[in-house]
Amino acid sequence: MRVLIVEDDDSIAEPLGQGLAREGFEVTRAATGAEALATDDVDFVLLDLGLPDTDGRDLCRELRQRSDVPIIVVTARSDEMDRVVLLELGADDYVVKPFGLRELVARIRAVSRRAQTAPEPTPVQRLGRLEIDRRAHRVRLAGRDVELTPKEFDLLAHLASDPGAVFHRQRILEEVWDAHWYGPTKTLDVHVASLRKKLGDPAWIETVRGVGFRLVELR
Ligand code: CA
């Protein structure tokens with residue numbers, strides 16, 4: 001796996017690159033935003049937000065617009081970046097300096113795994129007793145139609161795109177509702193509650209406190 005380290009501080013980038021190389025990663029480095037944008041064909045980006053020539057947040061957004069490459073943002077504690085903001089920028093995860101190599105490698109592997117195992121959308125998805133037909137916008141539970149509103153359907157289909165994975169609240173609002181959702185986030189809870197009711201068992205949708213929701217496959 002080819003990892004791009006975007007970091008202007010050699011005293012961080014050097015040992016980090018060596019550590020990742022020891023873990024079996026192929027390491028490429030960029031010390032500026034311009035260099036990072038000129039580097040392609042990498043499998044993973046570690047992005048320091050404090051760069052000399054560009055705002056790391058703009059760079060993150062731009063990298064995300066160009067490709068689906070997983071991005072882990074590296075922030076200094078003083079950046080005080082809200083994790084929601086980072087996710088909005090298109091980052092997959094973040095670590096705060098100082099961080100350990102082991103923690104970072106675990107995050108890289110987790111994010112890569114998520115990126116790779118996102119299943120291809122199939123016309124009819126079966127999750128235990130649940131069937132989601134994206135083409136027909138239809139949901140069946142144990143063989144019986146479940147009447148969902150369009151938003152409820154979109155929400156369920158979104159959570160079902162990666163069963164078991166946690167979806168962040170803000171991401172859900174952006175992707176299911178609007179790219180720039182500034183309304184009350186209670187809307188999401190209302191729809192989750194209604195979906196749980198219609199699916200006949202609240203356990204289908206698990207609340208991950210302080211983060212978001214995940215769909216659980218019930219048998
Ligand atoms: Ca820096």
# chains A, B, ... in the order shown; residues from 1 in each chain; ligands from 1
$ residues_near_ligand --ligand "ligand 1" --cutoff "10 Å" --atoms "only C-alpha atoms and all ligand atoms" --output "VMD selection string"
chain A and resid 6 to 10 12 to 13 31 to 32 47 to 52 56 74 to 76
$ residues_around --residues "Val208 in chain A" --least-positions-apart "6" --cutoff "10 Å" --atoms "only C-alpha atoms" --output "ChimeraX atom specification"
/A:166-169,214
$ write_last_selection --atoms "N, CA and C atoms" --output "short mmCIF file (atom, residue, chain, number, x, y, z; two decimals), in the first residue's frame"
data_model
loop_
_atom_site.label_atom_id
_atom_site.label_comp_id
_atom_site.auth_asym_id
_atom_site.auth_seq_id
_atom_site.Cartn_x
_atom_site.Cartn_y
_atom_site.Cartn_z
N VAL A 166 -20.57 2.35 11.45
CA VAL A 166 -21.19 3.53 12.05
C VAL A 166 -21.20 4.67 11.04
N PHE A 167 -22.35 5.28 10.88
CA PHE A 167 -22.45 6.46 10.02
C PHE A 167 -22.58 7.69 10.91
N HIS A 168 -21.76 8.66 10.65
CA HIS A 168 -21.78 9.88 11.46
C HIS A 168 -23.03 10.70 11.16
N ARG A 169 -23.55 11.29 12.20
CA ARG A 169 -24.79 12.07 12.05
C ARG A 169 -24.68 13.12 10.94
N ARG A 214 -25.81 2.87 13.33
CA ARG A 214 -25.40 1.76 12.48
C ARG A 214 -26.56 0.79 12.30
#
$ residues_around --residues "Ala106 in chain A" --least-positions-apart "2" --cutoff "12 Å" --atoms "only C-alpha atoms" --output "ChimeraX atom specification"
/A:20,23,72,93-95,99-104,108-113
$ closest_residue --among "A:Ala38, A:Ile132, A:Val45, A:Ala203" --to "Asp154 in chain A" --atoms "only C-alpha atoms"
A:Ile132
$ select_by_dssp --residues "range 10-217 of chain A" --states "alpha helix (DSSP H)" --output "VMD selection string"
chain A and resid 10 to 22 33 to 38 56 to 66 83 to 88 101 to 117 150 to 160 169 to 172 186 to 198
$ select_by_dssp --residues "range 10-211 of chain A" --states "strand (DSSP E or B)" --output "ChimeraX atom specification"
/A:26-30,44-48,50,55,71-75,93-96,124-127,130-133,138-141,144-146,166-168,205-208
$ residues_around --residues "range 57-68 of chain A" --least-positions-apart "2" --cutoff "7 Å" --atoms "only C-alpha atoms" --output "VMD selection string"
chain A and resid 33 49 55 70 89 to 91
$ write_last_selection --atoms "N, CA and C atoms" --output "CSV table (one decimal), in the first residue's frame"
chain,number,residue,atom,x,y,z
A,33,GLY,N,1.4,21.7,0.0
A,33,GLY,CA,0.1,21.3,-0.7
A,33,GLY,C,0.3,21.1,-2.2
A,49,LEU,N,-2.5,19.3,8.7
A,49,LEU,CA,-3.3,20.5,8.4
A,49,LEU,C,-2.5,21.8,8.3
A,55,ASP,N,-3.9,26.1,3.1
A,55,ASP,CA,-4.7,25.7,4.2
A,55,ASP,C,-5.0,24.2,4.1
A,70,PRO,N,-8.6,7.3,0.6
A,70,PRO,CA,-8.8,7.5,2.1
A,70,PRO,C,-7.8,8.5,2.6
A,89,LEU,N,-15.0,17.9,5.6
A,89,LEU,CA,-14.0,18.2,4.6
A,89,LEU,C,-13.7,16.9,3.7
A,90,GLY,N,-14.2,15.8,4.1
A,90,GLY,CA,-14.0,14.6,3.3
A,90,GLY,C,-12.9,13.7,3.9
A,91,ALA,N,-12.4,14.0,5.1
A,91,ALA,CA,-11.5,13.2,5.8
A,91,ALA,C,-12.2,11.9,6.3
$ residues_around --residues "His137 in chain A" --least-positions-apart "5" --cutoff "12 Å" --atoms "only C-alpha atoms" --output "list in words"
Pro123, Val124, Gln125, Glu131, Ile132, Asp145, Val146, Glu147, Leu148, Thr149, Pro150, Lys151, Glu152, Phe153, Asp154, Leu155, Leu156 and Ala157 of chain A
$ atom_distance --atom1 "CA of Thr39 in chain A" --atom2 "CA of Ala115 in chain A"
20.2 Å
$ closest_residue --among "A:Arg140, A:Lys198, A:Arg171, A:Arg129" --to "Thr185 in chain A" --atoms "only C-alpha atoms"
A:Arg171
$ atom_distance --atom1 "CA of Gly200 in chain A" --atom2 "CA of Ala165 in chain A"
21.1 Å
$ residues_around --residues "Leu199 in chain A" --least-positions-apart "5" --cutoff "9 Å" --atoms "only C-alpha atoms" --output "mmCIF file with C-alpha atoms, in the first residue's frame"
data_model
loop_
_atom_site.group_PDB
_atom_site.id
_atom_site.type_symbol
_atom_site.label_atom_id
_atom_site.label_comp_id
_atom_site.auth_asym_id
_atom_site.auth_seq_id
_atom_site.Cartn_x
_atom_site.Cartn_y
_atom_site.Cartn_z
ATOM 1 C CA LEU A 130 -34.955 -7.379 5.362
ATOM 2 C CA LEU A 141 -39.566 -7.383 5.860
ATOM 3 C CA VAL A 146 -42.920 -1.942 4.450
ATOM 4 C CA SER A 194 -40.018 6.150 12.588
ATOM 5 C CA TRP A 204 -32.286 -2.798 13.591
#
$ atom_distance --atom1 "CA of Arg2 in chain A" --atom2 "CA of Gln116 in chain A"
14.7 Å
$ closest_residue --among "A:Ser11, A:Gly143, A:Glu174, A:Val216" --to "Pro202 in chain A" --atoms "only C-alpha atoms"
A:Val216
$ decode --residues "range 126-141 of chain A" --atoms "all heavy atoms" --output "PDB file, in the first residue's frame"
ATOM      1  N   ARG A 126     -30.223  -8.200   0.609  1.00  0.00           N
ATOM      2  CA  ARG A 126     -30.878  -8.965   1.677  1.00  0.00           C
ATOM      3  C   ARG A 126     -30.049  -8.875   2.943  1.00  0.00           C
ATOM      4  O   ARG A 126     -28.861  -9.164   2.945  1.00  0.00           O
ATOM      5  CB  ARG A 126     -31.032 -10.420   1.262  1.00  0.00           C
ATOM      6  CG  ARG A 126     -32.086 -10.574   0.208  1.00  0.00           C
ATOM      7  CD  ARG A 126     -32.424 -12.027  -0.109  1.00  0.00           C
ATOM      8  NE  ARG A 126     -33.494 -12.043  -1.087  1.00  0.00           N
ATOM      9  CZ  ARG A 126     -33.317 -11.780  -2.387  1.00  0.00           C
ATOM     10  NH1 ARG A 126     -32.114 -11.506  -2.852  1.00  0.00           N
ATOM     11  NH2 ARG A 126     -34.332 -11.789  -3.219  1.00  0.00           N
ATOM     12  N   LEU A 127     -30.720  -8.469   4.002  1.00  0.00           N
ATOM     13  CA  LEU A 127     -30.073  -8.378   5.309  1.00  0.00           C
ATOM     14  C   LEU A 127     -30.972  -9.100   6.290  1.00  0.00           C
ATOM     15  O   LEU A 127     -31.942  -8.530   6.777  1.00  0.00           O
ATOM     16  CB  LEU A 127     -29.937  -6.918   5.731  1.00  0.00           C
ATOM     17  CG  LEU A 127     -28.891  -6.074   5.004  1.00  0.00           C
ATOM     18  CD1 LEU A 127     -29.167  -4.607   5.204  1.00  0.00           C
ATOM     19  CD2 LEU A 127     -27.501  -6.432   5.499  1.00  0.00           C
ATOM     20  N   GLY A 128     -30.659 -10.344   6.520  1.00  0.00           N
ATOM     21  CA  GLY A 128     -31.547 -11.119   7.382  1.00  0.00           C
ATOM     22  C   GLY A 128     -32.941 -11.157   6.794  1.00  0.00           C
ATOM     23  O   GLY A 128     -33.130 -11.533   5.641  1.00  0.00           O
ATOM     24  N   ARG A 129     -33.904 -10.671   7.555  1.00  0.00           N
ATOM     25  CA  ARG A 129     -35.296 -10.707   7.105  1.00  0.00           C
ATOM     26  C   ARG A 129     -35.638  -9.531   6.191  1.00  0.00           C
ATOM     27  O   ARG A 129     -36.725  -9.428   5.666  1.00  0.00           O
ATOM     28  CB  ARG A 129     -36.227 -10.633   8.319  1.00  0.00           C
ATOM     29  CG  ARG A 129     -36.323 -11.924   9.106  1.00  0.00           C
ATOM     30  CD  ARG A 129     -37.129 -11.699  10.381  1.00  0.00           C
ATOM     31  NE  ARG A 129     -36.336 -11.081  11.428  1.00  0.00           N
ATOM     32  CZ  ARG A 129     -36.811 -10.213  12.315  1.00  0.00           C
ATOM     33  NH1 ARG A 129     -38.061  -9.840  12.260  1.00  0.00           N
ATOM     34  NH2 ARG A 129     -36.027  -9.706  13.243  1.00  0.00           N
ATOM     35  N   LEU A 130     -34.688  -8.622   6.075  1.00  0.00           N
ATOM     36  CA  LEU A 130     -34.955  -7.379   5.362  1.00  0.00           C
ATOM     37  C   LEU A 130     -34.473  -7.447   3.917  1.00  0.00           C
ATOM     38  O   LEU A 130     -33.389  -7.953   3.638  1.00  0.00           O
ATOM     39  CB  LEU A 130     -34.210  -6.265   6.106  1.00  0.00           C
ATOM     40  CG  LEU A 130     -34.535  -4.816   5.787  1.00  0.00           C
ATOM     41  CD1 LEU A 130     -35.974  -4.490   6.143  1.00  0.00           C
ATOM     42  CD2 LEU A 130     -33.578  -3.918   6.560  1.00  0.00           C
ATOM     43  N   GLU A 131     -35.309  -6.933   2.997  1.00  0.00           N
ATOM     44  CA  GLU A 131     -34.920  -6.851   1.593  1.00  0.00           C
ATOM     45  C   GLU A 131     -35.053  -5.413   1.133  1.00  0.00           C
ATOM     46  O   GLU A 131     -36.107  -4.804   1.303  1.00  0.00           O
ATOM     47  CB  GLU A 131     -35.857  -7.700   0.724  1.00  0.00           C
ATOM     48  CG  GLU A 131     -35.494  -9.157   0.676  1.00  0.00           C
ATOM     49  CD  GLU A 131     -36.532  -9.918  -0.154  1.00  0.00           C
ATOM     50  OE1 GLU A 131     -36.997  -9.378  -1.165  1.00  0.00           O
ATOM     51  OE2 GLU A 131     -36.857 -11.037   0.243  1.00  0.00           O
ATOM     52  N   ILE A 132     -33.985  -4.893   0.557  1.00  0.00           N
ATOM     53  CA  ILE A 132     -34.027  -3.519   0.080  1.00  0.00           C
ATOM     54  C   ILE A 132     -33.818  -3.535  -1.430  1.00  0.00           C
ATOM     55  O   ILE A 132     -32.770  -3.953  -1.919  1.00  0.00           O
ATOM     56  CB  ILE A 132     -32.928  -2.668   0.753  1.00  0.00           C
ATOM     57  CG1 ILE A 132     -33.104  -2.711   2.273  1.00  0.00           C
ATOM     58  CG2 ILE A 132     -32.971  -1.229   0.252  1.00  0.00           C
ATOM     59  CD1 ILE A 132     -31.934  -2.137   3.039  1.00  0.00           C
ATOM     60  N   ASP A 133     -34.838  -3.094  -2.137  1.00  0.00           N
ATOM     61  CA  ASP A 133     -34.769  -3.044  -3.594  1.00  0.00           C
ATOM     62  C   ASP A 133     -34.586  -1.581  -3.992  1.00  0.00           C
ATOM     63  O   ASP A 133     -35.533  -0.800  -3.987  1.00  0.00           O
ATOM     64  CB  ASP A 133     -36.072  -3.611  -4.176  1.00  0.00           C
ATOM     65  CG  ASP A 133     -35.999  -3.698  -5.699  1.00  0.00           C
ATOM     66  OD1 ASP A 133     -35.142  -3.013  -6.300  1.00  0.00           O
ATOM     67  OD2 ASP A 133     -36.801  -4.448  -6.273  1.00  0.00           O
ATOM     68  N   ARG A 134     -33.343  -1.234  -4.312  1.00  0.00           N
ATOM     69  CA  ARG A 134     -33.053   0.170  -4.596  1.00  0.00           C
ATOM     70  C   ARG A 134     -33.671   0.637  -5.901  1.00  0.00           C
ATOM     71  O   ARG A 134     -34.060   1.777  -6.049  1.00  0.00           O
ATOM     72  CB  ARG A 134     -31.545   0.400  -4.615  1.00  0.00           C
ATOM     73  CG  ARG A 134     -30.933   0.357  -3.233  1.00  0.00           C
ATOM     74  CD  ARG A 134     -29.436   0.554  -3.295  1.00  0.00           C
ATOM     75  NE  ARG A 134     -28.868   0.797  -1.972  1.00  0.00           N
ATOM     76  CZ  ARG A 134     -28.700  -0.133  -1.052  1.00  0.00           C
ATOM     77  NH1 ARG A 134     -29.047  -1.374  -1.303  1.00  0.00           N
ATOM     78  NH2 ARG A 134     -28.178   0.165   0.124  1.00  0.00           N
ATOM     79  N   ARG A 135     -33.733  -0.274  -6.866  1.00  0.00           N
ATOM     80  CA  ARG A 135     -34.271   0.126  -8.165  1.00  0.00           C
ATOM     81  C   ARG A 135     -35.770   0.422  -8.064  1.00  0.00           C
ATOM     82  O   ARG A 135     -36.258   1.381  -8.633  1.00  0.00           O
ATOM     83  CB  ARG A 135     -34.014  -0.972  -9.195  1.00  0.00           C
ATOM     84  CG  ARG A 135     -33.912  -0.448 -10.600  1.00  0.00           C
ATOM     85  CD  ARG A 135     -33.141  -1.383 -11.479  1.00  0.00           C
ATOM     86  NE  ARG A 135     -33.323  -2.788 -11.075  1.00  0.00           N
ATOM     87  CZ  ARG A 135     -32.734  -3.782 -11.705  1.00  0.00           C
ATOM     88  NH1 ARG A 135     -31.951  -3.555 -12.716  1.00  0.00           N
ATOM     89  NH2 ARG A 135     -32.922  -5.032 -11.311  1.00  0.00           N
ATOM     90  N   ALA A 136     -36.462  -0.402  -7.315  1.00  0.00           N
ATOM     91  CA  ALA A 136     -37.920  -0.224  -7.186  1.00  0.00           C
ATOM     92  C   ALA A 136     -38.289   0.638  -5.979  1.00  0.00           C
ATOM     93  O   ALA A 136     -39.460   0.920  -5.751  1.00  0.00           O
ATOM     94  CB  ALA A 136     -38.599  -1.578  -7.080  1.00  0.00           C
ATOM     95  N   HIS A 137     -37.284   1.069  -5.209  1.00  0.00           N
ATOM     96  CA  HIS A 137     -37.537   1.850  -3.998  1.00  0.00           C
ATOM     97  C   HIS A 137     -38.512   1.109  -3.089  1.00  0.00           C
ATOM     98  O   HIS A 137     -39.518   1.664  -2.644  1.00  0.00           O
ATOM     99  CB  HIS A 137     -38.136   3.227  -4.361  1.00  0.00           C
ATOM    100  CG  HIS A 137     -37.189   4.343  -4.068  1.00  0.00           C
ATOM    101  ND1 HIS A 137     -37.442   5.322  -3.131  1.00  0.00           N
ATOM    102  CD2 HIS A 137     -35.983   4.624  -4.582  1.00  0.00           C
ATOM    103  CE1 HIS A 137     -36.427   6.164  -3.085  1.00  0.00           C
ATOM    104  NE2 HIS A 137     -35.518   5.756  -3.964  1.00  0.00           N
ATOM    105  N   ARG A 138     -38.205  -0.149  -2.850  1.00  0.00           N
ATOM    106  CA  ARG A 138     -39.134  -0.972  -2.114  1.00  0.00           C
ATOM    107  C   ARG A 138     -38.410  -1.727  -1.003  1.00  0.00           C
ATOM    108  O   ARG A 138     -37.290  -2.186  -1.190  1.00  0.00           O
ATOM    109  CB  ARG A 138     -39.700  -1.983  -3.097  1.00  0.00           C
ATOM    110  CG  ARG A 138     -41.078  -2.412  -2.802  1.00  0.00           C
ATOM    111  CD  ARG A 138     -41.618  -3.121  -4.013  1.00  0.00           C
ATOM    112  NE  ARG A 138     -42.669  -4.022  -3.619  1.00  0.00           N
ATOM    113  CZ  ARG A 138     -43.158  -4.974  -4.402  1.00  0.00           C
ATOM    114  NH1 ARG A 138     -42.651  -5.152  -5.610  1.00  0.00           N
ATOM    115  NH2 ARG A 138     -44.114  -5.736  -3.973  1.00  0.00           N
ATOM    116  N   VAL A 139     -39.072  -1.844   0.145  1.00  0.00           N
ATOM    117  CA  VAL A 139     -38.492  -2.576   1.269  1.00  0.00           C
ATOM    118  C   VAL A 139     -39.472  -3.649   1.720  1.00  0.00           C
ATOM    119  O   VAL A 139     -40.666  -3.396   1.845  1.00  0.00           O
ATOM    120  CB  VAL A 139     -38.183  -1.610   2.447  1.00  0.00           C
ATOM    121  CG1 VAL A 139     -37.768  -2.389   3.686  1.00  0.00           C
ATOM    122  CG2 VAL A 139     -37.081  -0.635   2.056  1.00  0.00           C
ATOM    123  N   ARG A 140     -38.947  -4.846   1.904  1.00  0.00           N
ATOM    124  CA  ARG A 140     -39.790  -5.932   2.396  1.00  0.00           C
ATOM    125  C   ARG A 140     -39.164  -6.508   3.661  1.00  0.00           C
ATOM    126  O   ARG A 140     -37.950  -6.623   3.759  1.00  0.00           O
ATOM    127  CB  ARG A 140     -39.927  -7.031   1.331  1.00  0.00           C
ATOM    128  CG  ARG A 140     -40.797  -6.601   0.159  1.00  0.00           C
ATOM    129  CD  ARG A 140     -40.597  -7.513  -1.033  1.00  0.00           C
ATOM    130  NE  ARG A 140     -41.296  -8.792  -0.888  1.00  0.00           N
ATOM    131  CZ  ARG A 140     -42.587  -8.972  -1.163  1.00  0.00           C
ATOM    132  NH1 ARG A 140     -43.315  -7.956  -1.588  1.00  0.00           N
ATOM    133  NH2 ARG A 140     -43.135 -10.151  -1.020  1.00  0.00           N
ATOM    134  N   LEU A 141     -40.024  -6.809   4.608  1.00  0.00           N
ATOM    135  CA  LEU A 141     -39.566  -7.383   5.860  1.00  0.00           C
ATOM    136  C   LEU A 141     -40.268  -8.714   6.023  1.00  0.00           C
ATOM    137  O   LEU A 141     -41.501  -8.764   6.048  1.00  0.00           O
ATOM    138  CB  LEU A 141     -39.914  -6.438   7.020  1.00  0.00           C
ATOM    139  CG  LEU A 141     -39.416  -6.853   8.397  1.00  0.00           C
ATOM    140  CD1 LEU A 141     -37.907  -6.832   8.469  1.00  0.00           C
ATOM    141  CD2 LEU A 141     -40.000  -5.934   9.449  1.00  0.00           C
TER     142      LEU A 141
END
